[in-house]
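Here is the structure we will look at, set down as structure tokens.
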Amino acid sequence: MKARLPEGYGRSRGDMMKSLQKMQEDMANMQAELAEREYAGSAGGGMASAVVKGDFSVLRVDFKPEVVDPDDAQLLGDLAAAAVNEAIRLAREDSAAEMDKITGGMDLGGLV
């Protein structure tokens with residue numbers, strides 16, 4: 001009985017290089033697209049919200065008026081940090097999901 005090789009192993013080196021180059025191109029295009037996407041996070045039950053781009057730059061942080069207390073500025077800082085971190089988490093999750101679609105879930109060991 002003849003052993004079967006996993007898909008892709010029977011291809012020539014040239015075909016494999018073309019596939020890898022196509023994957024690299026697709027990944028670069030997706031990274032550019034992801035950098036432009038916007039992600040919104042919130043904290044404190046919606047009392048604070050933040051929007052970041054896919055490159056993790058912060059576009060804005062907003063607070064509901066009732067949360068602004070001049071005697072508790074620390075609360076604003078905490079809410080801002082939590083909202084920004086939530087938006088960044090969402091951006092990272094989306095980026096990982098989009099890259100998994102391109103790589104087929106293959107672990108590229110930090111190459112992306």
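Every chain in the structure tokens has a letter given in the order shown (A, B, ...), and although residue numbers restart at 1 in each chain, ligands are simply numbered from 1 in the order shown.
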
**Q.** Within 10 Å of region 44-58 of chain A using only C-alpha atoms, minus same-chain residues under 3 positions, as a PyMOL selection string
**A.** chain A and resi 31-41+61-68+75-92+94-95

Keeping C-alpha atoms, export the residues of the selection given above as an mmCIF file, in the first residue's frame.
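Listing of again-v7.cif after writing:
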```cif
data_model
loop_
_atom_site.group_PDB
_atom_site.id
_atom_site.type_symbol
_atom_site.label_atom_id
_atom_site.label_comp_id
_atom_site.auth_asym_id
_atom_site.auth_seq_id
_atom_site.Cartn_x
_atom_site.Cartn_y
_atom_site.Cartn_z
ATOM 1 C CA GLN A 31 -2.210 43.981 7.595
ATOM 2 C CA ALA A 32 -2.678 47.239 5.676
ATOM 3 C CA GLU A 33 -6.457 46.789 5.736
ATOM 4 C CA LEU A 34 -6.472 45.935 9.449
ATOM 5 C CA ALA A 35 -4.400 49.035 10.261
ATOM 6 C CA GLU A 36 -7.240 51.184 8.921
ATOM 7 C CA ARG A 37 -10.082 49.428 10.738
ATOM 8 C CA GLU A 38 -11.567 51.043 13.850
ATOM 9 C CA TYR A 39 -12.349 49.188 17.077
ATOM 10 C CA ALA A 40 -14.479 50.502 19.925
ATOM 11 C CA GLY A 41 -14.140 49.403 23.528
ATOM 12 C CA VAL A 61 -11.763 58.563 24.394
ATOM 13 C CA ASP A 62 -15.229 59.703 25.491
ATOM 14 C CA PHE A 63 -16.948 59.889 28.870
ATOM 15 C CA LYS A 64 -20.590 60.225 29.782
ATOM 16 C CA PRO A 65 -21.084 63.562 31.573
ATOM 17 C CA GLU A 66 -22.343 61.958 34.775
ATOM 18 C CA VAL A 67 -19.041 60.141 35.320
ATOM 19 C CA VAL A 68 -16.964 63.339 35.291
ATOM 20 C CA LEU A 75 -11.713 57.210 38.086
ATOM 21 C CA LEU A 76 -11.527 58.886 34.669
ATOM 22 C CA GLY A 77 -8.001 57.613 34.180
ATOM 23 C CA ASP A 78 -8.982 54.086 35.180
ATOM 24 C CA LEU A 79 -12.019 54.107 32.888
ATOM 25 C CA ALA A 80 -9.981 55.499 29.991
ATOM 26 C CA ALA A 81 -7.306 52.832 30.390
ATOM 27 C CA ALA A 82 -9.885 50.047 30.603
ATOM 28 C CA ALA A 83 -11.762 51.279 27.519
ATOM 29 C CA VAL A 84 -8.567 51.636 25.471
ATOM 30 C CA ASN A 85 -7.361 48.187 26.541
ATOM 31 C CA GLU A 86 -10.708 46.667 25.545
ATOM 32 C CA ALA A 87 -10.551 48.290 22.099
ATOM 33 C CA ILE A 88 -6.979 47.050 21.611
ATOM 34 C CA ARG A 89 -8.001 43.532 22.668
ATOM 35 C CA LEU A 90 -10.759 43.566 20.032
ATOM 36 C CA ALA A 91 -8.304 44.787 17.379
ATOM 37 C CA ARG A 92 -5.839 42.002 18.239
ATOM 38 C CA ASP A 94 -9.757 40.547 14.739
ATOM 39 C CA SER A 95 -6.212 40.647 13.403
#
```

Q. What does the distance between CA of Gly104 (chain A) and CA of Met23 (chain A) come to in Å, to one decimal place?
A. 10.1 Å

Which of chain A DSSP labels helix (DSSP H, G or I), written as a PDB file with N, CA and C atoms, in the first residue's frame:
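Final file, out-v2.pdb:
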```
ATOM      1  N   ARG A  13       9.182  22.537  -5.587  1.00  0.00           N
ATOM      2  CA  ARG A  13       9.657  23.683  -4.811  1.00  0.00           C
ATOM      3  C   ARG A  13       9.159  24.991  -5.408  1.00  0.00           C
ATOM      4  N   GLY A  14       9.111  25.054  -6.718  1.00  0.00           N
ATOM      5  CA  GLY A  14       8.630  26.266  -7.387  1.00  0.00           C
ATOM      6  C   GLY A  14       7.190  26.564  -7.031  1.00  0.00           C
ATOM      7  N   ASP A  15       6.349  25.509  -7.022  1.00  0.00           N
ATOM      8  CA  ASP A  15       4.941  25.698  -6.654  1.00  0.00           C
ATOM      9  C   ASP A  15       4.807  26.126  -5.202  1.00  0.00           C
ATOM     10  N   MET A  16       5.618  25.537  -4.341  1.00  0.00           N
ATOM     11  CA  MET A  16       5.563  25.891  -2.927  1.00  0.00           C
ATOM     12  C   MET A  16       6.011  27.336  -2.722  1.00  0.00           C
ATOM     13  N   MET A  17       7.032  27.766  -3.442  1.00  0.00           N
ATOM     14  CA  MET A  17       7.510  29.151  -3.317  1.00  0.00           C
ATOM     15  C   MET A  17       6.440  30.127  -3.790  1.00  0.00           C
ATOM     16  N   LYS A  18       5.753  29.787  -4.878  1.00  0.00           N
ATOM     17  CA  LYS A  18       4.672  30.644  -5.369  1.00  0.00           C
ATOM     18  C   LYS A  18       3.562  30.743  -4.331  1.00  0.00           C
ATOM     19  N   SER A  19       3.231  29.615  -3.703  1.00  0.00           N
ATOM     20  CA  SER A  19       2.193  29.614  -2.671  1.00  0.00           C
ATOM     21  C   SER A  19       2.602  30.472  -1.479  1.00  0.00           C
ATOM     22  N   LEU A  20       3.854  30.348  -1.062  1.00  0.00           N
ATOM     23  CA  LEU A  20       4.344  31.146   0.063  1.00  0.00           C
ATOM     24  C   LEU A  20       4.380  32.630  -0.275  1.00  0.00           C
ATOM     25  N   GLN A  21       4.776  32.956  -1.499  1.00  0.00           N
ATOM     26  CA  GLN A  21       4.792  34.360  -1.911  1.00  0.00           C
ATOM     27  C   GLN A  21       3.381  34.933  -1.958  1.00  0.00           C
ATOM     28  N   LYS A  22       2.434  34.138  -2.422  1.00  0.00           N
ATOM     29  CA  LYS A  22       1.033  34.580  -2.464  1.00  0.00           C
ATOM     30  C   LYS A  22       0.527  34.797  -1.041  1.00  0.00           C
ATOM     31  N   MET A  23       0.843  33.883  -0.131  1.00  0.00           N
ATOM     32  CA  MET A  23       0.428  34.021   1.259  1.00  0.00           C
ATOM     33  C   MET A  23       1.041  35.287   1.864  1.00  0.00           C
ATOM     34  N   GLN A  24       2.308  35.535   1.585  1.00  0.00           N
ATOM     35  CA  GLN A  24       2.983  36.716   2.108  1.00  0.00           C
ATOM     36  C   GLN A  24       2.324  37.991   1.574  1.00  0.00           C
ATOM     37  N   GLU A  25       1.981  37.999   0.305  1.00  0.00           N
ATOM     38  CA  GLU A  25       1.304  39.155  -0.300  1.00  0.00           C
ATOM     39  C   GLU A  25      -0.075  39.364   0.326  1.00  0.00           C
ATOM     40  N   ASP A  26      -0.824  38.269   0.483  1.00  0.00           N
ATOM     41  CA  ASP A  26      -2.149  38.355   1.102  1.00  0.00           C
ATOM     42  C   ASP A  26      -2.059  38.873   2.531  1.00  0.00           C
ATOM     43  N   MET A  27      -1.043  38.426   3.255  1.00  0.00           N
ATOM     44  CA  MET A  27      -0.871  38.870   4.642  1.00  0.00           C
ATOM     45  C   MET A  27      -0.529  40.357   4.700  1.00  0.00           C
ATOM     46  N   ALA A  28       0.319  40.820   3.801  1.00  0.00           N
ATOM     47  CA  ALA A  28       0.688  42.239   3.781  1.00  0.00           C
ATOM     48  C   ALA A  28      -0.534  43.100   3.458  1.00  0.00           C
ATOM     49  N   ASN A  29      -1.339  42.644   2.501  1.00  0.00           N
ATOM     50  CA  ASN A  29      -2.555  43.381   2.160  1.00  0.00           C
ATOM     51  C   ASN A  29      -3.526  43.417   3.334  1.00  0.00           C
ATOM     52  N   MET A  30      -3.670  42.305   4.035  1.00  0.00           N
ATOM     53  CA  MET A  30      -4.585  42.250   5.173  1.00  0.00           C
ATOM     54  C   MET A  30      -4.068  43.129   6.306  1.00  0.00           C
ATOM     55  N   GLN A  31      -2.762  43.130   6.546  1.00  0.00           N
ATOM     56  CA  GLN A  31      -2.210  43.981   7.595  1.00  0.00           C
ATOM     57  C   GLN A  31      -2.487  45.453   7.304  1.00  0.00           C
ATOM     58  N   ALA A  32      -2.377  45.854   6.041  1.00  0.00           N
ATOM     59  CA  ALA A  32      -2.678  47.239   5.676  1.00  0.00           C
ATOM     60  C   ALA A  32      -4.153  47.545   5.899  1.00  0.00           C
ATOM     61  N   GLU A  33      -5.015  46.596   5.529  1.00  0.00           N
ATOM     62  CA  GLU A  33      -6.457  46.789   5.736  1.00  0.00           C
ATOM     63  C   GLU A  33      -6.786  46.852   7.225  1.00  0.00           C
ATOM     64  N   LEU A  34      -6.208  45.958   8.008  1.00  0.00           N
ATOM     65  CA  LEU A  34      -6.472  45.935   9.449  1.00  0.00           C
ATOM     66  C   LEU A  34      -6.007  47.228  10.125  1.00  0.00           C
ATOM     67  N   ALA A  35      -4.914  47.804   9.662  1.00  0.00           N
ATOM     68  CA  ALA A  35      -4.400  49.035  10.261  1.00  0.00           C
ATOM     69  C   ALA A  35      -5.398  50.171  10.143  1.00  0.00           C
ATOM     70  N   GLU A  36      -6.265  50.121   9.139  1.00  0.00           N
ATOM     71  CA  GLU A  36      -7.240  51.184   8.921  1.00  0.00           C
ATOM     72  C   GLU A  36      -8.582  50.938   9.606  1.00  0.00           C
ATOM     73  N   PRO A  65     -21.227  62.403  30.670  1.00  0.00           N
ATOM     74  CA  PRO A  65     -21.084  63.562  31.573  1.00  0.00           C
ATOM     75  C   PRO A  65     -21.233  63.210  33.051  1.00  0.00           C
ATOM     76  N   GLU A  66     -22.100  62.276  33.370  1.00  0.00           N
ATOM     77  CA  GLU A  66     -22.343  61.958  34.775  1.00  0.00           C
ATOM     78  C   GLU A  66     -21.164  61.271  35.466  1.00  0.00           C
ATOM     79  N   VAL A  67     -20.187  60.801  34.704  1.00  0.00           N
ATOM     80  CA  VAL A  67     -19.041  60.141  35.320  1.00  0.00           C
ATOM     81  C   VAL A  67     -17.919  61.144  35.631  1.00  0.00           C
ATOM     82  N   ALA A  73     -10.657  62.315  39.789  1.00  0.00           N
ATOM     83  CA  ALA A  73      -9.990  62.269  38.486  1.00  0.00           C
ATOM     84  C   ALA A  73      -9.394  60.889  38.215  1.00  0.00           C
ATOM     85  N   GLN A  74      -9.011  60.184  39.252  1.00  0.00           N
ATOM     86  CA  GLN A  74      -8.429  58.854  39.095  1.00  0.00           C
ATOM     87  C   GLN A  74      -9.415  57.916  38.401  1.00  0.00           C
ATOM     88  N   LEU A  75     -10.700  58.054  38.719  1.00  0.00           N
ATOM     89  CA  LEU A  75     -11.713  57.210  38.086  1.00  0.00           C
ATOM     90  C   LEU A  75     -11.703  57.402  36.577  1.00  0.00           C
ATOM     91  N   LEU A  76     -11.576  58.631  36.114  1.00  0.00           N
ATOM     92  CA  LEU A  76     -11.527  58.886  34.669  1.00  0.00           C
ATOM     93  C   LEU A  76     -10.328  58.189  34.034  1.00  0.00           C
ATOM     94  N   GLY A  77      -9.196  58.280  34.690  1.00  0.00           N
ATOM     95  CA  GLY A  77      -8.001  57.613  34.180  1.00  0.00           C
ATOM     96  C   GLY A  77      -8.181  56.111  34.109  1.00  0.00           C
ATOM     97  N   ASP A  78      -8.753  55.538  35.155  1.00  0.00           N
ATOM     98  CA  ASP A  78      -8.982  54.086  35.180  1.00  0.00           C
ATOM     99  C   ASP A  78      -9.951  53.668  34.081  1.00  0.00           C
ATOM    100  N   LEU A  79     -11.038  54.429  33.923  1.00  0.00           N
ATOM    101  CA  LEU A  79     -12.019  54.107  32.888  1.00  0.00           C
ATOM    102  C   LEU A  79     -11.415  54.251  31.493  1.00  0.00           C
ATOM    103  N   ALA A  80     -10.622  55.296  31.297  1.00  0.00           N
ATOM    104  CA  ALA A  80      -9.981  55.499  29.991  1.00  0.00           C
ATOM    105  C   ALA A  80      -9.052  54.336  29.661  1.00  0.00           C
ATOM    106  N   ALA A  81      -8.234  53.944  30.607  1.00  0.00           N
ATOM    107  CA  ALA A  81      -7.306  52.832  30.390  1.00  0.00           C
ATOM    108  C   ALA A  81      -8.057  51.544  30.085  1.00  0.00           C
ATOM    109  N   ALA A  82      -9.111  51.272  30.824  1.00  0.00           N
ATOM    110  CA  ALA A  82      -9.885  50.047  30.603  1.00  0.00           C
ATOM    111  C   ALA A  82     -10.551  50.056  29.231  1.00  0.00           C
ATOM    112  N   ALA A  83     -11.100  51.191  28.818  1.00  0.00           N
ATOM    113  CA  ALA A  83     -11.762  51.279  27.519  1.00  0.00           C
ATOM    114  C   ALA A  83     -10.758  51.121  26.381  1.00  0.00           C
ATOM    115  N   VAL A  84      -9.597  51.756  26.504  1.00  0.00           N
ATOM    116  CA  VAL A  84      -8.567  51.636  25.471  1.00  0.00           C
ATOM    117  C   VAL A  84      -8.074  50.196  25.397  1.00  0.00           C
ATOM    118  N   ASN A  85      -7.824  49.578  26.534  1.00  0.00           N
ATOM    119  CA  ASN A  85      -7.361  48.187  26.541  1.00  0.00           C
ATOM    120  C   ASN A  85      -8.381  47.252  25.917  1.00  0.00           C
ATOM    121  N   GLU A  86      -9.658  47.486  26.145  1.00  0.00           N
ATOM    122  CA  GLU A  86     -10.708  46.667  25.545  1.00  0.00           C
ATOM    123  C   GLU A  86     -10.710  46.826  24.022  1.00  0.00           C
ATOM    124  N   ALA A  87     -10.583  48.052  23.542  1.00  0.00           N
ATOM    125  CA  ALA A  87     -10.551  48.290  22.099  1.00  0.00           C
ATOM    126  C   ALA A  87      -9.334  47.622  21.461  1.00  0.00           C
ATOM    127  N   ILE A  88      -8.189  47.699  22.122  1.00  0.00           N
ATOM    128  CA  ILE A  88      -6.979  47.050  21.611  1.00  0.00           C
ATOM    129  C   ILE A  88      -7.140  45.538  21.596  1.00  0.00           C
ATOM    130  N   ARG A  89      -7.754  44.986  22.634  1.00  0.00           N
ATOM    131  CA  ARG A  89      -8.001  43.532  22.668  1.00  0.00           C
ATOM    132  C   ARG A  89      -8.847  43.115  21.472  1.00  0.00           C
ATOM    133  N   LEU A  90      -9.893  43.884  21.169  1.00  0.00           N
ATOM    134  CA  LEU A  90     -10.759  43.566  20.032  1.00  0.00           C
ATOM    135  C   LEU A  90      -9.986  43.651  18.715  1.00  0.00           C
ATOM    136  N   ALA A  91      -9.119  44.647  18.591  1.00  0.00           N
ATOM    137  CA  ALA A  91      -8.304  44.787  17.379  1.00  0.00           C
ATOM    138  C   ALA A  91      -7.370  43.594  17.218  1.00  0.00           C
ATOM    139  N   ARG A  92      -6.748  43.162  18.306  1.00  0.00           N
ATOM    140  CA  ARG A  92      -5.839  42.002  18.239  1.00  0.00           C
ATOM    141  C   ARG A  92      -6.579  40.722  17.876  1.00  0.00           C
ATOM    142  N   GLU A  93      -7.761  40.529  18.458  1.00  0.00           N
ATOM    143  CA  GLU A  93      -8.551  39.339  18.143  1.00  0.00           C
ATOM    144  C   GLU A  93      -8.944  39.320  16.673  1.00  0.00           C
ATOM    145  N   ASP A  94      -9.370  40.465  16.144  1.00  0.00           N
ATOM    146  CA  ASP A  94      -9.757  40.547  14.739  1.00  0.00           C
ATOM    147  C   ASP A  94      -8.563  40.282  13.841  1.00  0.00           C
ATOM    148  N   SER A  95      -7.426  40.852  14.184  1.00  0.00           N
ATOM    149  CA  SER A  95      -6.212  40.647  13.403  1.00  0.00           C
ATOM    150  C   SER A  95      -5.826  39.169  13.375  1.00  0.00           C
ATOM    151  N   ALA A  96      -5.860  38.516  14.522  1.00  0.00           N
ATOM    152  CA  ALA A  96      -5.506  37.098  14.591  1.00  0.00           C
ATOM    153  C   ALA A  96      -6.474  36.257  13.765  1.00  0.00           C
ATOM    154  N   ALA A  97      -7.762  36.561  13.836  1.00  0.00           N
ATOM    155  CA  ALA A  97      -8.763  35.804  13.082  1.00  0.00           C
ATOM    156  C   ALA A  97      -8.561  35.984  11.578  1.00  0.00           C
ATOM    157  N   GLU A  98      -8.276  37.196  11.146  1.00  0.00           N
ATOM    158  CA  GLU A  98      -8.074  37.459   9.716  1.00  0.00           C
ATOM    159  C   GLU A  98      -6.802  36.777   9.219  1.00  0.00           C
ATOM    160  N   MET A  99      -5.741  36.808  10.004  1.00  0.00           N
ATOM    161  CA  MET A  99      -4.497  36.156   9.597  1.00  0.00           C
ATOM    162  C   MET A  99      -4.656  34.632   9.576  1.00  0.00           C
ATOM    163  N   ASP A 100      -5.435  34.089  10.503  1.00  0.00           N
ATOM    164  CA  ASP A 100      -5.693  32.645  10.498  1.00  0.00           C
ATOM    165  C   ASP A 100      -6.404  32.216   9.222  1.00  0.00           C
ATOM    166  N   LYS A 101      -7.273  33.084   8.699  1.00  0.00           N
ATOM    167  CA  LYS A 101      -7.951  32.764   7.441  1.00  0.00           C
ATOM    168  C   LYS A 101      -6.945  32.631   6.309  1.00  0.00           C
ATOM    169  N   ILE A 102      -5.927  33.469   6.319  1.00  0.00           N
ATOM    170  CA  ILE A 102      -4.922  33.449   5.249  1.00  0.00           C
ATOM    171  C   ILE A 102      -3.962  32.285   5.420  1.00  0.00           C
ATOM    172  N   THR A 103      -3.522  32.053   6.649  1.00  0.00           N
ATOM    173  CA  THR A 103      -2.505  31.017   6.890  1.00  0.00           C
ATOM    174  C   THR A 103      -3.104  29.642   7.133  1.00  0.00           C
TER     175      THR A 103
END
```

Q. Quick one: DSSP strand (DSSP E) residues in region 42-112 of chain A, as a PyMOL selection string?
A. chain A and resi 42-43+48-53+58-63

Would you output that residue set with all heavy atoms, as a JSON list (two decimals), in the first residue's frame?
```json
[["chain", "number", "residue", "atom", "x", "y", "z"],
["A", 42, "SER", "N", -15.38, 49.70, 25.56],
["A", 42, "SER", "CA", -16.02, 50.52, 26.59],
["A", 42, "SER", "C", -15.71, 49.94, 27.96],
["A", 42, "SER", "O", -15.26, 48.80, 28.08],
["A", 42, "SER", "CB", -17.53, 50.59, 26.38],
["A", 42, "SER", "OG", -18.11, 49.32, 26.52],
["A", 43, "ALA", "N", -15.97, 50.76, 28.97],
["A", 43, "ALA", "CA", -15.71, 50.34, 30.35],
["A", 43, "ALA", "C", -16.72, 51.02, 31.25],
["A", 43, "ALA", "O", -17.35, 52.01, 30.86],
["A", 43, "ALA", "CB", -14.29, 50.72, 30.77],
["A", 48, "ALA", "N", -17.43, 55.02, 29.84],
["A", 48, "ALA", "CA", -16.28, 55.49, 29.06],
["A", 48, "ALA", "C", -16.19, 54.62, 27.81],
["A", 48, "ALA", "O", -16.49, 53.43, 27.86],
["A", 48, "ALA", "CB", -15.00, 55.39, 29.86],
["A", 49, "SER", "N", -15.77, 55.23, 26.72],
["A", 49, "SER", "CA", -15.56, 54.47, 25.50],
["A", 49, "SER", "C", -14.30, 54.98, 24.82],
["A", 49, "SER", "O", -13.89, 56.13, 25.01],
["A", 49, "SER", "CB", -16.77, 54.60, 24.56],
["A", 49, "SER", "OG", -16.95, 55.94, 24.17],
["A", 50, "ALA", "N", -13.69, 54.10, 24.05],
["A", 50, "ALA", "CA", -12.48, 54.45, 23.33],
["A", 50, "ALA", "C", -12.53, 53.82, 21.95],
["A", 50, "ALA", "O", -13.10, 52.74, 21.77],
["A", 50, "ALA", "CB", -11.24, 53.96, 24.08],
["A", 51, "VAL", "N", -11.93, 54.49, 20.98],
["A", 51, "VAL", "CA", -11.83, 53.97, 19.63],
["A", 51, "VAL", "C", -10.36, 53.98, 19.25],
["A", 51, "VAL", "O", -9.66, 54.99, 19.41],
["A", 51, "VAL", "CB", -12.65, 54.83, 18.63],
["A", 51, "VAL", "CG1", -12.49, 54.30, 17.22],
["A", 51, "VAL", "CG2", -14.12, 54.85, 19.03],
["A", 52, "VAL", "N", -9.89, 52.82, 18.78],
["A", 52, "VAL", "CA", -8.52, 52.70, 18.30],
["A", 52, "VAL", "C", -8.56, 52.17, 16.88],
["A", 52, "VAL", "O", -9.52, 51.56, 16.45],
["A", 52, "VAL", "CB", -7.66, 51.76, 19.18],
["A", 52, "VAL", "CG1", -7.58, 52.25, 20.61],
["A", 52, "VAL", "CG2", -8.15, 50.33, 19.13],
["A", 53, "LYS", "N", -7.47, 52.44, 16.16],
["A", 53, "LYS", "CA", -7.31, 51.88, 14.82],
["A", 53, "LYS", "C", -6.60, 50.55, 14.95],
["A", 53, "LYS", "O", -6.05, 50.22, 16.01],
["A", 53, "LYS", "CB", -6.54, 52.84, 13.93],
["A", 53, "LYS", "CG", -7.35, 54.10, 13.60],
["A", 53, "LYS", "CD", -6.63, 55.02, 12.67],
["A", 53, "LYS", "CE", -6.63, 54.43, 11.28],
["A", 53, "LYS", "NZ", -6.10, 55.34, 10.26],
["A", 58, "VAL", "N", -4.76, 55.49, 19.25],
["A", 58, "VAL", "CA", -6.01, 55.88, 19.89],
["A", 58, "VAL", "C", -6.60, 57.06, 19.12],
["A", 58, "VAL", "O", -5.94, 58.09, 18.95],
["A", 58, "VAL", "CB", -5.79, 56.26, 21.37],
["A", 58, "VAL", "CG1", -7.09, 56.71, 22.02],
["A", 58, "VAL", "CG2", -5.18, 55.08, 22.13],
["A", 59, "LEU", "N", -7.84, 56.90, 18.66],
["A", 59, "LEU", "CA", -8.51, 57.98, 17.94],
["A", 59, "LEU", "C", -9.27, 58.91, 18.88],
["A", 59, "LEU", "O", -9.26, 60.12, 18.70],
["A", 59, "LEU", "CB", -9.48, 57.41, 16.90],
["A", 59, "LEU", "CG", -8.85, 56.61, 15.78],
["A", 59, "LEU", "CD1", -9.93, 56.04, 14.86],
["A", 59, "LEU", "CD2", -7.89, 57.47, 14.99],
["A", 60, "ARG", "N", -9.94, 58.32, 19.87],
["A", 60, "ARG", "CA", -10.68, 59.16, 20.82],
["A", 60, "ARG", "C", -11.05, 58.35, 22.06],
["A", 60, "ARG", "O", -11.16, 57.14, 22.02],
["A", 60, "ARG", "CB", -11.91, 59.78, 20.18],
["A", 60, "ARG", "CG", -13.01, 58.84, 19.84],
["A", 60, "ARG", "CD", -14.19, 59.55, 19.15],
["A", 60, "ARG", "NE", -15.10, 58.57, 18.60],
["A", 60, "ARG", "CZ", -14.98, 58.01, 17.41],
["A", 60, "ARG", "NH1", -13.99, 58.35, 16.62],
["A", 60, "ARG", "NH2", -15.83, 57.11, 17.00],
["A", 61, "VAL", "N", -11.26, 59.11, 23.14],
["A", 61, "VAL", "CA", -11.76, 58.56, 24.39],
["A", 61, "VAL", "C", -12.89, 59.49, 24.82],
["A", 61, "VAL", "O", -12.73, 60.71, 24.86],
["A", 61, "VAL", "CB", -10.66, 58.51, 25.48],
["A", 61, "VAL", "CG1", -11.24, 58.01, 26.79],
["A", 61, "VAL", "CG2", -9.50, 57.64, 25.03],
["A", 62, "ASP", "N", -14.05, 58.92, 25.10],
["A", 62, "ASP", "CA", -15.23, 59.70, 25.49],
["A", 62, "ASP", "C", -15.75, 59.24, 26.84],
["A", 62, "ASP", "O", -15.62, 58.06, 27.19],
["A", 62, "ASP", "CB", -16.35, 59.55, 24.46],
["A", 62, "ASP", "CG", -15.94, 60.03, 23.08],
["A", 62, "ASP", "OD1", -15.47, 61.18, 22.99],
["A", 62, "ASP", "OD2", -16.09, 59.26, 22.11],
["A", 63, "PHE", "N", -16.35, 60.19, 27.57],
["A", 63, "PHE", "CA", -16.95, 59.89, 28.87],
["A", 63, "PHE", "C", -18.37, 60.41, 28.88],
["A", 63, "PHE", "O", -18.66, 61.48, 28.33],
["A", 63, "PHE", "CB", -16.17, 60.58, 30.01],
["A", 63, "PHE", "CG", -14.74, 60.16, 30.09],
["A", 63, "PHE", "CD1", -13.75, 60.94, 29.49],
["A", 63, "PHE", "CD2", -14.38, 59.01, 30.74],
["A", 63, "PHE", "CE1", -12.42, 60.56, 29.55],
["A", 63, "PHE", "CE2", -13.04, 58.62, 30.81],
["A", 63, "PHE", "CZ", -12.07, 59.40, 30.22]]
```
